[in-house]
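Trainee: Right, I'll just put the structure down here and ask away after.
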Amino acid sequence: MLAAVGTMVSTVAAACSVPGMDDATAMLTPTSLPLAAATTVAEHHAEAPHYGYEGDVGPEHWADMLEAWKVCETGTQQSPIDLTNAVVATDEVLPDMTFNYGTSNLNLFNNGHTVQAAYDPGSTLTLGSDVYTLAQFHFHAHSEHVIDGEPTPLELHLVHSMQPTDGSAARLAVVGVLITEGAEHPAFAAVMDHLPSEVTEEPHPVAGVTVDANAMLPADRTFYHYSGSLTTPGCTEGVAWQVLTTPIELSADQIAAFTALHDENFRPLQPIGERELQVSGP
């Protein structure tokens, strides 16, 4: 077993107490982090230096922008990676992954790096015996993870948090979904039709509109697994990554709606090093 995934997922205490939170953790709600930690995250995120994806604020400079971001350069379990040469894992090695998603009111905001949707409490992801709460989802263009060096036009990240019963810092699990160009996807229509162009610090509800994260997933739930990091500063390690092996399709217009706001908001590939990349069995 992965020791219920927990032993492969180190705590994110550093991420919850330093400036420069990743977009993935900046939107974790008080339901998925202790209130004090959530407040600290919000305060430090506001104090973080501006980062981007090119020039003097691009990924090659993240480690120099803040002491707490040094792991972006020195870390040995960084994300994203090329999802190639995965080892097929048995149930005894890799626990089952179960989605228990409900619908949510659509709460969107453009944080200057991506468009993010804060998800209403109650939806969960189960990895073995560990239950994570879905906090938010967001997009990258092109995909951050690749297969045999080939990216897809978009990647969806669904970010989950779990608060251990011993009171230690929250742990994170992210589900990645690769997106190719094809038919229009009705589950994404509400999001792509309401993408906010104005950069704000808070999510804003889209009146009368809901979203169903479960409908955003492919029918085939086979997945790659590895232990990695957040993909924006501060690149915190100990994140349980699950990237579904089967892409979904969005239409050219749906993809263009996002890339008109954020294009090339992806971190370059990181070395896999000594880590093992696993893929769940059929």
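Numbering starts fresh at 1 for the residues of each chain in the structure tokens, the chains themselves are lettered A, B, ... in the order given, and ligands are numbered from 1 as they appear.
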Identify, on the basis of only C-alpha atoms, every residue whose closest approach to Ser197 (chain A) does not exceed 12 Å; exclude the query and any residue fewer than 4 positions from it along the same chain; express the result as an mmCIF file with N, CA and C atoms, in the first residue's frame.
Mentor:
data_model
loop_
_atom_site.group_PDB
_atom_site.id
_atom_site.type_symbol
_atom_site.label_atom_id
_atom_site.label_comp_id
_atom_site.auth_asym_id
_atom_site.auth_seq_id
_atom_site.Cartn_x
_atom_site.Cartn_y
_atom_site.Cartn_z
ATOM 1 N N LEU A 108 -16.416 31.924 -9.615
ATOM 2 C CA LEU A 108 -15.222 32.080 -10.443
ATOM 3 C C LEU A 108 -14.436 33.334 -10.084
ATOM 4 N N PHE A 109 -13.111 33.227 -10.278
ATOM 5 C CA PHE A 109 -12.326 34.459 -10.284
ATOM 6 C C PHE A 109 -11.055 34.266 -11.093
ATOM 7 N N ASN A 110 -10.595 35.377 -11.643
ATOM 8 C CA ASN A 110 -9.369 35.450 -12.418
ATOM 9 C C ASN A 110 -8.312 36.023 -11.484
ATOM 10 N N ASN A 111 -7.353 35.181 -11.072
ATOM 11 C CA ASN A 111 -6.356 35.635 -10.102
ATOM 12 C C ASN A 111 -5.096 36.192 -10.754
ATOM 13 N N GLY A 112 -5.114 36.370 -12.053
ATOM 14 C CA GLY A 112 -3.966 36.891 -12.766
ATOM 15 C C GLY A 112 -3.045 35.819 -13.303
ATOM 16 N N HIS A 113 -3.217 34.575 -12.824
ATOM 17 C CA HIS A 113 -2.404 33.454 -13.285
ATOM 18 C C HIS A 113 -3.244 32.393 -13.984
ATOM 19 N N THR A 114 -4.505 32.302 -13.616
ATOM 20 C CA THR A 114 -5.433 31.342 -14.196
ATOM 21 C C THR A 114 -6.841 31.786 -13.845
ATOM 22 N N VAL A 115 -7.825 31.030 -14.305
ATOM 23 C CA VAL A 115 -9.199 31.207 -13.833
ATOM 24 C C VAL A 115 -9.504 30.030 -12.925
ATOM 25 N N GLN A 116 -10.034 30.335 -11.760
ATOM 26 C CA GLN A 116 -10.218 29.355 -10.711
ATOM 27 C C GLN A 116 -11.680 29.329 -10.284
ATOM 28 N N MET A 192 -16.787 28.115 -19.201
ATOM 29 C CA MET A 192 -16.190 28.832 -20.328
ATOM 30 C C MET A 192 -17.054 29.997 -20.808
ATOM 31 N N ASP A 193 -18.353 29.946 -20.528
ATOM 32 C CA ASP A 193 -19.233 31.052 -20.920
ATOM 33 C C ASP A 193 -19.177 32.213 -19.941
ATOM 34 N N ALA A 257 -11.617 30.291 -25.458
ATOM 35 C CA ALA A 257 -12.186 31.184 -24.449
ATOM 36 C C ALA A 257 -11.227 31.343 -23.279
ATOM 37 N N PHE A 258 -10.567 30.229 -22.891
ATOM 38 C CA PHE A 258 -9.604 30.322 -21.795
ATOM 39 C C PHE A 258 -8.287 30.934 -22.253
ATOM 40 N N THR A 259 -7.748 30.479 -23.380
ATOM 41 C CA THR A 259 -6.430 30.960 -23.808
ATOM 42 C C THR A 259 -6.449 32.431 -24.206
ATOM 43 N N ALA A 260 -7.629 32.980 -24.459
ATOM 44 C CA ALA A 260 -7.717 34.419 -24.705
ATOM 45 C C ALA A 260 -7.372 35.209 -23.451
ATOM 46 N N LEU A 261 -7.547 34.582 -22.287
ATOM 47 C CA LEU A 261 -7.224 35.230 -21.020
ATOM 48 C C LEU A 261 -5.864 34.807 -20.495
ATOM 49 N N HIS A 262 -5.566 33.517 -20.584
ATOM 50 C CA HIS A 262 -4.304 32.976 -20.051
ATOM 51 C C HIS A 262 -3.764 31.940 -21.023
#
Trainee: Hey, could you make a per-residue contact list for region 253-277 of chain A against region 224-231 of chain A with 12 Å as the cut-off, showing the nearest pair of atoms and its distance in Å to one decimal, counting only C-alpha atoms, sorted by chain and number, as a Markdown table?
Mentor:
| residue | atom | partner | partner_atom | distance |
| --- | --- | --- | --- | --- |
| A:Asn265 | CA | A:Thr231 | CA | 10.4 |
| A:Phe266 | CA | A:Thr231 | CA | 8.1 |
| A:Arg267 | CA | A:Thr231 | CA | 6.3 |
| A:Pro268 | CA | A:Thr231 | CA | 9.1 |
| A:Leu269 | CA | A:Thr231 | CA | 9.7 |
| A:Gln270 | CA | A:Thr231 | CA | 9.8 |
| A:Pro271 | CA | A:Gly228 | CA | 10.6 |
| A:Ile272 | CA | A:Gly228 | CA | 8.9 |
| A:Gly273 | CA | A:Gly228 | CA | 11.0 |
| A:Glu274 | CA | A:Ser227 | CA | 10.9 |
| A:Arg275 | CA | A:Tyr226 | CA | 7.4 |
| A:Glu276 | CA | A:Tyr226 | CA | 6.7 |
| A:Leu277 | CA | A:Tyr226 | CA | 5.2 |
Trainee: How would the residues just picked look written out with N, CA, C and O atoms as a compact mmCIF listing (two decimals), in the first residue's frame?
Mentor:
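Printed below is selection16.txt as written:
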# COMPACT_ATOMS: atom_id res chain seq x y z
N ASN A 265 0.44 29.54 -19.45
CA ASN A 265 0.58 29.63 -17.99
C ASN A 265 0.91 28.26 -17.41
O ASN A 265 0.22 27.72 -16.57
N PHE A 266 1.99 27.69 -17.91
CA PHE A 266 2.42 26.36 -17.47
C PHE A 266 3.87 26.42 -17.00
O PHE A 266 4.68 27.18 -17.51
N ARG A 267 4.18 25.60 -16.00
CA ARG A 267 5.55 25.47 -15.54
C ARG A 267 6.26 24.43 -16.39
O ARG A 267 5.68 23.39 -16.73
N PRO A 268 7.52 24.66 -16.75
CA PRO A 268 8.26 23.66 -17.52
C PRO A 268 8.39 22.35 -16.76
O PRO A 268 8.27 22.30 -15.54
N LEU A 269 8.67 21.28 -17.50
CA LEU A 269 8.82 19.95 -16.91
C LEU A 269 9.98 19.92 -15.91
O LEU A 269 11.01 20.58 -16.10
N GLN A 270 9.80 19.10 -14.87
CA GLN A 270 10.80 18.93 -13.84
C GLN A 270 11.34 17.49 -13.89
O GLN A 270 10.62 16.57 -14.30
N PRO A 271 12.58 17.27 -13.48
CA PRO A 271 13.13 15.91 -13.52
C PRO A 271 12.42 14.99 -12.53
O PRO A 271 12.11 15.40 -11.40
N ILE A 272 12.18 13.76 -12.94
CA ILE A 272 11.52 12.81 -12.04
C ILE A 272 12.47 12.28 -10.99
O ILE A 272 12.06 11.88 -9.89
N GLY A 273 13.78 12.28 -11.28
CA GLY A 273 14.77 11.87 -10.30
C GLY A 273 14.58 10.41 -9.89
O GLY A 273 14.37 9.53 -10.72
N GLU A 274 14.62 10.16 -8.59
CA GLU A 274 14.52 8.81 -8.06
C GLU A 274 13.07 8.37 -7.82
O GLU A 274 12.83 7.26 -7.34
N ARG A 275 12.12 9.22 -8.15
CA ARG A 275 10.73 8.86 -7.90
C ARG A 275 10.24 7.79 -8.86
O ARG A 275 10.72 7.67 -9.99
N GLU A 276 9.25 7.04 -8.39
CA GLU A 276 8.60 6.04 -9.25
C GLU A 276 7.26 6.58 -9.71
O GLU A 276 6.45 7.03 -8.90
N LEU A 277 7.03 6.52 -11.00
CA LEU A 277 5.74 6.88 -11.59
C LEU A 277 4.93 5.60 -11.75
O LEU A 277 5.39 4.65 -12.38
Trainee: Going by DSSP on the backbone, which bits of region 40-263 of chain A are strand (DSSP E)? Write them as JSON, numbers by chain, please.
Mentor: {"A": [87, 88, 89, 97, 98, 99, 100, 103, 104, 105, 106, 107, 108, 109, 110, 115, 116, 117, 118, 124, 125, 126, 127, 130, 131, 132, 133, 134, 135, 136, 137, 138, 139, 140, 154, 155, 156, 157, 158, 159, 160, 161, 162, 171, 172, 173, 174, 175, 176, 177, 178, 179, 180, 181, 204, 205, 206, 207, 208, 209, 210, 211, 212, 223, 224, 225, 226, 227, 228, 229, 237, 238, 239, 240, 241, 242, 243, 244, 248, 249, 250]}
Trainee: List the spatial neighbours of Pro247 (chain A) as a PyMOL selection string - criterion: any atom at most 12 Å away, only C-alpha atoms, same-chain residues fewer than 2 positions off excluded.
Mentor: chain A and resi 143+145-147+151-156+176-182+216-223+243-245+249-250
Trainee: Restrict the selected residues to C-alpha atoms and save them as an mmCIF file, in the first residue's frame.
Mentor:
data_model
loop_
_atom_site.group_PDB
_atom_site.id
_atom_site.type_symbol
_atom_site.label_atom_id
_atom_site.label_comp_id
_atom_site.auth_asym_id
_atom_site.auth_seq_id
_atom_site.Cartn_x
_atom_site.Cartn_y
_atom_site.Cartn_z
ATOM 1 C CA SER A 143 -0.941 21.188 -20.194
ATOM 2 C CA HIS A 145 2.001 17.250 -17.572
ATOM 3 C CA VAL A 146 2.890 15.659 -20.898
ATOM 4 C CA ILE A 147 3.067 12.133 -22.294
ATOM 5 C CA PRO A 151 1.405 18.406 -24.213
ATOM 6 C CA THR A 152 -2.317 18.872 -24.727
ATOM 7 C CA PRO A 153 -3.935 22.302 -25.214
ATOM 8 C CA LEU A 154 -5.274 22.500 -21.646
ATOM 9 C CA GLU A 155 -5.007 20.736 -18.298
ATOM 10 C CA LEU A 156 -7.606 20.816 -15.552
ATOM 11 C CA GLY A 176 -5.039 16.356 -13.300
ATOM 12 C CA VAL A 177 -7.169 15.927 -16.418
ATOM 13 C CA LEU A 178 -5.584 16.395 -19.851
ATOM 14 C CA ILE A 179 -7.769 18.228 -22.369
ATOM 15 C CA THR A 180 -7.596 17.801 -26.137
ATOM 16 C CA GLU A 181 -9.430 19.623 -28.919
ATOM 17 C CA GLY A 182 -12.568 17.933 -30.221
ATOM 18 C CA MET A 216 -15.838 16.992 -16.115
ATOM 19 C CA LEU A 217 -14.031 13.671 -15.700
ATOM 20 C CA PRO A 218 -13.612 10.953 -18.349
ATOM 21 C CA ALA A 219 -15.483 7.679 -17.931
ATOM 22 C CA ASP A 220 -12.166 5.828 -17.629
ATOM 23 C CA ARG A 221 -10.708 6.656 -14.211
ATOM 24 C CA THR A 222 -7.351 4.885 -14.690
ATOM 25 C CA PHE A 223 -4.646 7.216 -13.381
ATOM 26 C CA VAL A 243 -3.341 12.416 -13.502
ATOM 27 C CA LEU A 244 -6.051 10.547 -15.390
ATOM 28 C CA THR A 245 -4.714 8.548 -18.328
ATOM 29 C CA GLU A 249 -12.331 16.877 -25.258
ATOM 30 C CA LEU A 250 -13.274 20.543 -25.382
#
Trainee: Which of these, A:Val71, A:Ala215, A:Val174, A:Ala135, has the shortest distance to Asn107 (chain A) once you count only C-alpha atoms?
Mentor: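 Closest candidate: A:Ala135.
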Trainee: Which residue out of A:Gly167, A:Gly55, A:Gly122, A:Gly234 has the minimum interatomic distance to Trp69 (chain A) when only C-alpha atoms are used?
Mentor: A:Gly234
Trainee: Report, in Å with one decimal, the straight-line distance from CA of Thr90 (chain A) to CA of Asp130 (chain A).
Mentor: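 CA of Asp130 (chain A) lies 18.2 Å from CA of Thr90 (chain A).
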Trainee: What gap, in Å, lies between CA of Trp241 (chain A) and CA of Glu92 (chain A)?
Mentor: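 According to the coordinates, CA of Trp241 (chain A) and CA of Glu92 (chain A) are separated by 18.3 Å.
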Trainee: Mind listing the alpha helix (DSSP H) residues of region 80-195 of chain A, per DSSP on the backbone, as a list of chain:residue names?
Mentor: A:Ala189, A:Ala190, A:Val191, A:Met192, A:Asp193
Trainee: Name the residues in contact with region 94-100 of chain A at a cut-off of 6 Å, using only C-alpha atoms, excluding same-chain residues fewer than 5 positions from it; report them as a list in words.
Mentor: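 Residues near the query, excluding close chain neighbours: Met1, Ala89, Ser123, Thr124, Leu125, Thr126, Leu127 and Gly128 of chain A.
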Trainee: Using only C-alpha atoms, can you tell me which of A:Gly208, A:Ala68, A:Pro186, A:Val191 comes closest to Phe139 (chain A)?
Mentor: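 Of A:Gly208, A:Ala68, A:Pro186, A:Val191, the one nearest Phe139 (chain A), counting only C-alpha atoms, is A:Val191.
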Trainee: Quick one: of A:Gly52, A:Pro121, A:Pro203, A:Pro80, who's nearest to Ala240 (chain A), counting only C-alpha atoms?
Mentor: A:Pro80
Trainee: Please determine, counting only C-alpha atoms, which residue among A:His194, A:Ala141, A:Asp56, A:Gln242 has the shortest atom-to-atom distance to Ile81 (chain A).
Mentor: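 Closest to Ile81 (chain A), using only C-alpha atoms: A:Gln242.
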Trainee: One decimal, in Å: what's the spacing between CA of Ala187 (chain A) and CA of Val175 (chain A)?
Mentor: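 Separation of CA of Ala187 (chain A) and CA of Val175 (chain A): 17.0 Å.
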Trainee: Under the rule that only C-alpha atoms are counted, which of A:Thr232, A:Tyr53, A:Ala117, A:Gly75 is the nearest residue to Glu202 (chain A)?
Mentor: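 Once distances to Glu202 (chain A) are computed over only C-alpha atoms, the minimum belongs to A:Ala117.
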Trainee: Show which residues sit within 9 Å of Val211 (chain A), as a PyMOL selection string. Count only C-alpha atoms, and ignore same-chain residues fewer than 6 positions away.
Mentor: chain A and resi 102-106+119+187-188+190-191
